[in-house]
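File shown: query-v9.json. Contents: JSON, C-alpha atoms.
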```json
[["chain", "number", "residue", "atom", "x", "y", "z"],
["X", 1488, "MET", "CA", 25.72, 2.82, 3.91],
["X", 1489, "ASP", "CA", 26.74, 6.45, 3.53],
["X", 1490, "GLU", "CA", 26.60, 6.16, -0.26],
["X", 1491, "ARG", "CA", 23.07, 4.79, -0.06],
["X", 1492, "LEU", "CA", 22.08, 7.59, 2.31],
["X", 1493, "GLU", "CA", 23.48, 10.04, -0.22],
["X", 1494, "ASP", "CA", 21.33, 8.45, -2.92],
["X", 1495, "LEU", "CA", 18.26, 8.80, -0.70],
["X", 1496, "SER", "CA", 19.12, 12.42, 0.06],
["X", 1497, "HIS", "CA", 19.29, 13.05, -3.68],
["X", 1498, "ALA", "CA", 15.89, 11.39, -4.21],
["X", 1499, "LEU", "CA", 14.51, 13.65, -1.48],
["X", 1500, "ASP", "CA", 16.07, 16.68, -3.16],
["X", 1501, "HIS", "CA", 17.64, 17.71, 0.14],
["X", 1502, "ARG", "CA", 21.18, 17.78, 1.51],
["X", 1503, "PHE", "CA", 21.07, 16.88, 5.19],
["X", 1504, "ASP", "CA", 23.03, 18.96, 7.65],
["X", 1505, "ARG", "CA", 22.33, 16.26, 10.26],
["X", 1506, "ILE", "CA", 22.75, 13.01, 8.37],
["X", 1507, "ALA", "CA", 22.27, 11.14, 11.67],
["X", 1508, "LEU", "CA", 18.56, 11.99, 11.44],
["X", 1509, "LEU", "CA", 18.26, 10.21, 8.11],
["X", 1510, "ARG", "CA", 20.23, 7.25, 9.44],
["X", 1511, "GLN", "CA", 17.83, 6.96, 12.38],
["X", 1512, "ALA", "CA", 14.87, 7.15, 10.01],
["X", 1513, "VAL", "CA", 16.02, 4.12, 8.04],
["X", 1514, "THR", "CA", 17.16, 2.04, 11.02],
["X", 1515, "HIS", "CA", 14.21, -0.11, 12.01],
["X", 1516, "PRO", "CA", 13.84, -0.84, 15.75],
["X", 1517, "SER", "CA", 14.36, -4.53, 15.04],
["X", 1518, "ALA", "CA", 17.95, -3.80, 13.98],
["X", 1519, "ASP", "CA", 18.86, -1.45, 16.79],
["X", 1520, "GLY", "CA", 19.77, -3.04, 20.08],
["X", 1521, "GLU", "CA", 21.02, 0.12, 21.77],
["X", 1522, "ARG", "CA", 18.81, 1.46, 24.51],
["X", 1523, "GLY", "CA", 16.93, 4.58, 23.39],
["X", 1524, "ARG", "CA", 17.78, 4.28, 19.70],
["X", 1525, "ALA", "CA", 14.69, 2.21, 18.86],
["X", 1526, "SER", "CA", 12.44, 5.09, 19.88],
["X", 1527, "ALA", "CA", 14.19, 7.47, 17.46],
["X", 1528, "PHE", "CA", 12.65, 5.66, 14.46],
["X", 1529, "GLU", "CA", 9.21, 5.66, 16.09],
["X", 1530, "ARG", "CA", 9.40, 9.33, 17.06],
["X", 1531, "LEU", "CA", 10.39, 10.33, 13.54],
["X", 1532, "GLU", "CA", 7.61, 8.14, 12.15],
["X", 1533, "PHE", "CA", 5.14, 9.88, 14.48],
["X", 1534, "LEU", "CA", 6.28, 13.29, 13.24],
["X", 1535, "GLY", "CA", 6.37, 12.31, 9.57],
["X", 1536, "ASP", "CA", 2.84, 10.91, 9.73],
["X", 1537, "ARG", "CA", 1.56, 14.31, 10.89],
["X", 1538, "VAL", "CA", 3.56, 16.21, 8.29],
["X", 1539, "LEU", "CA", 2.26, 13.96, 5.53],
["X", 1540, "GLY", "CA", -1.33, 14.34, 6.68],
["X", 1541, "LEU", "CA", -1.09, 18.12, 6.86],
["X", 1542, "VAL", "CA", 0.49, 18.57, 3.42],
["X", 1543, "VAL", "CA", -1.91, 16.17, 1.72],
["X", 1544, "ALA", "CA", -4.84, 17.95, 3.36],
["X", 1545, "GLU", "CA", -3.56, 21.26, 2.01],
["X", 1546, "MET", "CA", -3.14, 19.76, -1.46],
["X", 1547, "LEU", "CA", -6.70, 18.44, -1.41],
["X", 1548, "LEU", "CA", -8.14, 21.79, -0.37],
["X", 1549, "GLU", "CA", -6.33, 23.41, -3.28],
["X", 1550, "ARG", "CA", -7.31, 20.71, -5.79],
["X", 1551, "TYR", "CA", -10.98, 20.41, -4.76],
["X", 1552, "PRO", "CA", -12.09, 23.84, -3.47],
["X", 1553, "ASP", "CA", -15.82, 22.99, -3.59],
["X", 1554, "GLU", "CA", -15.75, 19.46, -2.21],
["X", 1555, "ALA", "CA", -17.38, 18.54, 1.10],
["X", 1556, "GLU", "CA", -15.35, 17.61, 4.16],
["X", 1557, "GLY", "CA", -16.46, 13.98, 4.05],
["X", 1558, "ASP", "CA", -15.24, 13.51, 0.49],
["X", 1559, "LEU", "CA", -11.96, 15.25, 1.29],
["X", 1560, "ALA", "CA", -11.48, 13.02, 4.32],
["X", 1561, "ARG", "CA", -12.00, 9.87, 2.23],
["X", 1562, "ARG", "CA", -9.57, 11.11, -0.39],
["X", 1563, "GLN", "CA", -6.96, 11.81, 2.27],
["X", 1564, "ALA", "CA", -7.42, 8.43, 3.93],
["X", 1565, "ALA", "CA", -6.89, 6.73, 0.57],
["X", 1566, "LEU", "CA", -3.78, 8.79, -0.21],
["X", 1567, "VAL", "CA", -1.99, 8.26, 3.10],
["X", 1568, "ASN", "CA", -2.87, 4.62, 3.69],
["X", 1569, "ARG", "CA", -0.15, 2.03, 4.18],
["X", 1570, "ASP", "CA", -0.03, 0.80, 0.59],
["X", 1571, "GLN", "CA", 0.24, 4.27, -0.96],
["X", 1572, "VAL", "CA", 2.95, 5.36, 1.45],
["X", 1573, "ALA", "CA", 4.79, 2.11, 0.72],
["X", 1574, "ARG", "CA", 4.60, 2.90, -3.02],
["X", 1575, "VAL", "CA", 6.34, 6.19, -2.37],
["X", 1576, "ALA", "CA", 8.93, 4.45, -0.21],
["X", 1577, "LEU", "CA", 9.79, 2.13, -3.10],
["X", 1578, "ALA", "CA", 9.94, 5.04, -5.55],
["X", 1579, "LEU", "CA", 12.40, 6.84, -3.26],
["X", 1580, "GLY", "CA", 14.52, 3.71, -2.84],
["X", 1581, "ILE", "CA", 13.94, 3.42, 0.89],
["X", 1582, "ASP", "CA", 13.76, -0.36, 0.55],
["X", 1583, "ARG", "CA", 17.39, -0.40, -0.57],
["X", 1584, "VAL", "CA", 18.66, 1.51, 2.45],
["X", 1585, "LEU", "CA", 16.32, 0.28, 5.20],
["X", 1586, "VAL", "CA", 18.29, -1.44, 7.99],
["X", 1587, "LEU", "CA", 16.51, -4.46, 9.47],
["X", 1588, "SER", "CA", 17.39, -7.28, 11.83],
["X", 1589, "LYS", "CA", 18.49, -10.54, 10.25],
["X", 1590, "GLY", "CA", 15.16, -12.09, 11.16],
["X", 1591, "GLU", "CA", 13.14, -9.33, 9.50],
["X", 1592, "GLN", "CA", 15.33, -9.50, 6.41],
["X", 1593, "GLU", "CA", 14.77, -13.22, 6.09],
["X", 1594, "ALA", "CA", 11.03, -12.68, 6.55],
["X", 1595, "GLY", "CA", 10.99, -10.32, 3.56],
["X", 1596, "GLY", "CA", 10.94, -7.09, 5.52],
["X", 1597, "HIS", "CA", 12.37, -5.02, 2.67],
["X", 1598, "ALA", "CA", 9.21, -5.77, 0.68],
["X", 1599, "ASN", "CA", 6.82, -5.50, 3.63],
["X", 1600, "PRO", "CA", 4.38, -2.61, 2.94],
["X", 1601, "ALA", "CA", 3.90, -1.87, 6.64],
["X", 1602, "MET", "CA", 7.64, -1.55, 7.30],
["X", 1603, "LEU", "CA", 8.18, 0.49, 4.15],
["X", 1604, "ALA", "CA", 5.34, 2.85, 5.03],
["X", 1605, "ASP", "CA", 6.65, 3.32, 8.58],
["X", 1606, "ALA", "CA", 10.14, 4.03, 7.25],
["X", 1607, "CYS", "CA", 8.82, 6.49, 4.68],
["X", 1608, "GLU", "CA", 7.01, 8.43, 7.40],
["X", 1609, "ALA", "CA", 10.16, 8.37, 9.52],
["X", 1610, "VAL", "CA", 12.14, 9.77, 6.58],
["X", 1611, "LEU", "CA", 9.60, 12.57, 6.19],
["X", 1612, "GLY", "CA", 9.99, 13.29, 9.89],
["X", 1613, "ALA", "CA", 13.77, 13.46, 9.54],
["X", 1614, "LEU", "CA", 13.42, 15.74, 6.53],
["X", 1615, "PHE", "CA", 11.13, 18.05, 8.50],
["X", 1616, "GLN", "CA", 13.53, 18.20, 11.44],
["X", 1617, "ASP", "CA", 16.56, 18.88, 9.25],
["X", 1618, "GLY", "CA", 15.10, 21.18, 6.61],
["X", 1619, "GLY", "CA", 11.84, 22.49, 8.03],
["X", 1620, "PHE", "CA", 8.30, 22.32, 6.76],
["X", 1621, "GLN", "CA", 9.02, 23.55, 3.24],
["X", 1622, "ALA", "CA", 11.61, 20.84, 2.59],
["X", 1623, "ALA", "CA", 9.19, 18.14, 3.70],
["X", 1624, "ALA", "CA", 6.23, 19.68, 1.89],
["X", 1625, "ARG", "CA", 8.18, 19.88, -1.37],
["X", 1626, "ILE", "CA", 8.80, 16.14, -1.54],
["X", 1627, "VAL", "CA", 5.28, 15.26, -0.37],
["X", 1628, "ARG", "CA", 3.81, 17.43, -3.11],
["X", 1629, "ALA", "CA", 6.12, 15.97, -5.73],
["X", 1630, "ARG", "CA", 5.46, 12.34, -4.81],
["X", 1631, "TRP", "CA", 1.77, 12.48, -3.86],
["X", 1632, "GLN", "CA", 0.51, 14.68, -6.70],
["X", 1633, "PRO", "CA", 0.61, 11.77, -9.20],
["X", 1634, "LEU", "CA", -1.25, 9.57, -6.71],
["X", 1635, "MET", "CA", -3.89, 12.25, -6.30],
["X", 1636, "GLU", "CA", -4.46, 12.37, -10.03],
["X", 1637, "GLU", "CA", -5.10, 8.61, -10.29],
["X", 1638, "SER", "CA", -8.69, 8.87, -9.05],
["X", 1639, "ALA", "CA", -11.11, 11.60, -10.11],
["X", 1640, "ALA", "CA", -13.99, 10.52, -7.85],
["X", 1641, "PRO", "CA", -13.77, 10.39, -4.05],
["X", 1642, "PRO", "CA", -13.15, 6.85, -2.80],
["X", 1643, "ARG", "CA", -16.14, 5.09, -1.30],
["X", 1644, "ASP", "CA", -16.23, 4.67, 2.45],
["X", 1645, "ALA", "CA", -15.78, 0.91, 2.93],
["X", 1646, "LYS", "CA", -17.80, 0.73, 6.16],
["X", 1647, "THR", "CA", -20.73, 2.57, 4.58],
["X", 1648, "ALA", "CA", -20.54, 0.44, 1.43],
["X", 1649, "LEU", "CA", -20.53, -2.79, 3.48],
["X", 1650, "GLN", "CA", -23.47, -1.58, 5.56],
["X", 1651, "GLU", "CA", -25.44, -0.77, 2.41],
["X", 1652, "TRP", "CA", -24.57, -4.19, 0.96],
["X", 1653, "ALA", "CA", -25.86, -5.94, 4.09],
["X", 1654, "GLN", "CA", -29.04, -3.87, 4.29],
["X", 1655, "ALA", "CA", -29.84, -4.48, 0.63],
["X", 1656, "ARG", "CA", -29.90, -8.21, 1.39],
["X", 1657, "GLY", "CA", -31.88, -7.99, 4.59],
["X", 1658, "ARG", "CA", -28.87, -8.83, 6.75],
["X", 1659, "PRO", "CA", -28.11, -7.34, 10.19],
["X", 1660, "LEU", "CA", -25.58, -4.51, 10.26],
["X", 1661, "PRO", "CA", -21.88, -5.52, 10.17],
["X", 1662, "SER", "CA", -20.37, -6.28, 13.57],
["X", 1663, "TYR", "CA", -16.85, -5.10, 14.44],
["X", 1664, "ALA", "CA", -14.58, -6.33, 17.23],
["X", 1665, "VAL", "CA", -11.05, -5.34, 18.27],
["X", 1666, "LEU", "CA", -8.80, -8.40, 18.38],
["X", 1667, "SER", "CA", -5.71, -6.60, 19.65],
["X", 1668, "ARG", "CA", -4.09, -3.24, 20.24],
["X", 1669, "GLU", "CA", -0.31, -3.13, 20.12],
["X", 1670, "GLY", "CA", 2.50, -0.60, 20.03],
["X", 1671, "PRO", "CA", 3.23, 2.58, 21.99],
["X", 1672, "ALA", "CA", 0.55, 5.09, 22.95],
["X", 1673, "HIS", "CA", 1.73, 7.54, 20.29],
["X", 1674, "GLY", "CA", 1.72, 4.92, 17.55],
["X", 1675, "PRO", "CA", -0.78, 2.15, 18.27],
["X", 1676, "LYS", "CA", -1.62, -0.65, 15.84],
["X", 1677, "PHE", "CA", -5.16, -2.02, 15.91],
["X", 1678, "HIS", "CA", -6.25, -5.45, 14.67],
["X", 1679, "VAL", "CA", -10.00, -5.64, 14.00],
["X", 1680, "THR", "CA", -12.43, -8.23, 12.68],
["X", 1681, "VAL", "CA", -15.77, -7.63, 10.95],
["X", 1682, "SER", "CA", -18.58, -10.08, 10.32],
["X", 1683, "VAL", "CA", -21.93, -10.09, 8.55],
["X", 1684, "THR", "CA", -24.46, -12.81, 9.26],
["X", 1685, "GLY", "CA", -24.11, -15.56, 6.70],
["X", 1686, "GLU", "CA", -20.64, -14.52, 5.60],
["X", 1687, "ALA", "CA", -17.11, -15.36, 6.71],
["X", 1688, "GLN", "CA", -15.23, -12.84, 8.84],
["X", 1689, "ALA", "CA", -12.55, -10.52, 7.54],
["X", 1690, "GLU", "CA", -9.73, -8.79, 9.37],
["X", 1691, "GLY", "CA", -8.04, -5.42, 9.07],
["X", 1692, "ARG", "CA", -5.19, -3.52, 10.67],
["X", 1693, "GLY", "CA", -4.57, 0.20, 11.06],
["X", 1694, "ALA", "CA", -3.04, 2.96, 13.12],
["X", 1695, "SER", "CA", -6.46, 3.74, 14.60],
["X", 1696, "LYS", "CA", -9.55, 1.70, 15.39],
["X", 1697, "ARG", "CA", -11.43, 3.44, 12.59],
["X", 1698, "ALA", "CA", -8.66, 2.77, 10.06],
["X", 1699, "ALA", "CA", -8.56, -0.89, 11.05],
["X", 1700, "GLU", "CA", -12.35, -1.13, 10.73],
["X", 1701, "GLN", "CA", -12.17, 0.43, 7.29],
["X", 1702, "ALA", "CA", -9.51, -2.06, 6.24],
["X", 1703, "ALA", "CA", -11.58, -4.96, 7.55],
["X", 1704, "ALA", "CA", -14.73, -3.69, 5.83],
["X", 1705, "ALA", "CA", -12.86, -3.29, 2.55],
["X", 1706, "ALA", "CA", -11.51, -6.84, 2.82],
["X", 1707, "LEU", "CA", -14.96, -8.33, 3.48],
["X", 1708, "LEU", "CA", -16.59, -6.19, 0.80],
["X", 1709, "GLU", "CA", -14.06, -7.39, -1.76],
["X", 1710, "ARG", "CA", -14.78, -10.98, -0.79],
["X", 1711, "VAL", "CA", -18.60, -10.78, -0.97],
["X", 1712, "THR", "CA", -18.73, -8.78, -4.21],
["X", 1713, "ARG", "CA", -16.42, -10.96, -6.30]]
```

Entire entry expressed as structure tokens:
Amino acid sequence: MDERLEDLSHALDHRFDRIALLRQAVTHPSADGERGRASAFERLEFLGDRVLGLVVAEMLLERYPDEAEGDLARRQAALVNRDQVARVALALGIDRVLVLSKGEQEAGGHANPAMLADACEAVLGALFQDGGFQAAARIVRARWQPLMEESAAPPRDAKTALQEWAQARGRPLPSYAVLSREGPAHGPKFHVTVSVTGEAQAEGRGASKRAAEQAAAAALLERVTR
């Protein structure tokens, strides 16, 4: 385990003074039965999510000095979504060091984008706590710059695109409903469904109601525009 943590430290370009922080960041709550330890992962994830959002926002302001807030917000949402964060987790090798319960391992947890994204954010939180903002910002800039360059145009807002699709066909506006809200207050997970008259429903999940609605809209839009 220590050798794998050393490999991850190298990928992060940071030597940890408090290696316990990194160990907590890669120990999923499912694998930790000790009281209080499960929250360490979640607290680091909470912190890392905020660090990631701040650094990416700063990068976007620098890269697109004349772009409107709405376009910047859509770019940021696309860059810090679950799948993109999971891509970075794989590039860093977090999947190889992530500690899961036996059940989660058997269910394919090491390839689960949601778990990988959560762990990546926890690792960023640990990096921030051990090395400060500059240490965390350095790796975010290095790993997210290539992702930023993949798309020149701002991503389309899925909810707006789905609404326009429905209106163009004389349909009522899309209807959204929250199926469930799970997780702690500081890190909720929303499960949302969206429907358009005459079409099957689609579902989406996210760390906020809006994010879940966007995911659901994107899923339904993909289905109806095939």

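The closest residue to Phe1615 (chain X), picked from X:Ala1694, X:Leu1499, X:Ala1594, X:Ala1555 and counting all atoms listed in the file, is X:Leu1499.
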
Within 12 Å of Ala1622 (chain X), counting all atoms listed in the file, which residues qualify if same-chain residues fewer than 2 places away don't, as a CSV table (one decimal) with C-alpha atoms, in the frame of the given file?
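Output (out.csv):
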```csv
chain,number,residue,atom,x,y,z
X,1496,SER,CA,19.1,12.4,0.1
X,1499,LEU,CA,14.5,13.6,-1.5
X,1500,ASP,CA,16.1,16.7,-3.2
X,1501,HIS,CA,17.6,17.7,0.1
X,1502,ARG,CA,21.2,17.8,1.5
X,1503,PHE,CA,21.1,16.9,5.2
X,1538,VAL,CA,3.6,16.2,8.3
X,1539,LEU,CA,2.3,14.0,5.5
X,1542,VAL,CA,0.5,18.6,3.4
X,1610,VAL,CA,12.1,9.8,6.6
X,1611,LEU,CA,9.6,12.6,6.2
X,1612,GLY,CA,10.0,13.3,9.9
X,1613,ALA,CA,13.8,13.5,9.5
X,1614,LEU,CA,13.4,15.7,6.5
X,1615,PHE,CA,11.1,18.0,8.5
X,1616,GLN,CA,13.5,18.2,11.4
X,1617,ASP,CA,16.6,18.9,9.2
X,1618,GLY,CA,15.1,21.2,6.6
X,1619,GLY,CA,11.8,22.5,8.0
X,1620,PHE,CA,8.3,22.3,6.8
X,1624,ALA,CA,6.2,19.7,1.9
X,1625,ARG,CA,8.2,19.9,-1.4
X,1626,ILE,CA,8.8,16.1,-1.5
X,1627,VAL,CA,5.3,15.3,-0.4
X,1628,ARG,CA,3.8,17.4,-3.1
X,1629,ALA,CA,6.1,16.0,-5.7
```

Report summary line: Glu1709 (chain X) proximity check over X:Gly1685, X:Glu1545, X:Ala1645, X:Ala1672, using only C-alpha atoms: winner is X:Ala1645

Report summary line: For Ile1581 (chain X), the closest of X:Arg1562, X:Lys1676, X:Arg1530, X:Arg1510 counting only C-alpha atoms is X:Arg1510

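One finds CA of Gln1621 (chain X) at 20.0 Å from CA of Ala1507 (chain X).
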
Report summary line: Students should find that CA of Arg1697 (chain X) and CA of Ala1639 (chain X) are spaced 24.1 Å

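With distances restricted to only C-alpha atoms, X:Ala1609 is the closest residue to Asp1536 (chain X) from X:Ala1576, X:Met1602, X:Ala1564, X:Ala1609.
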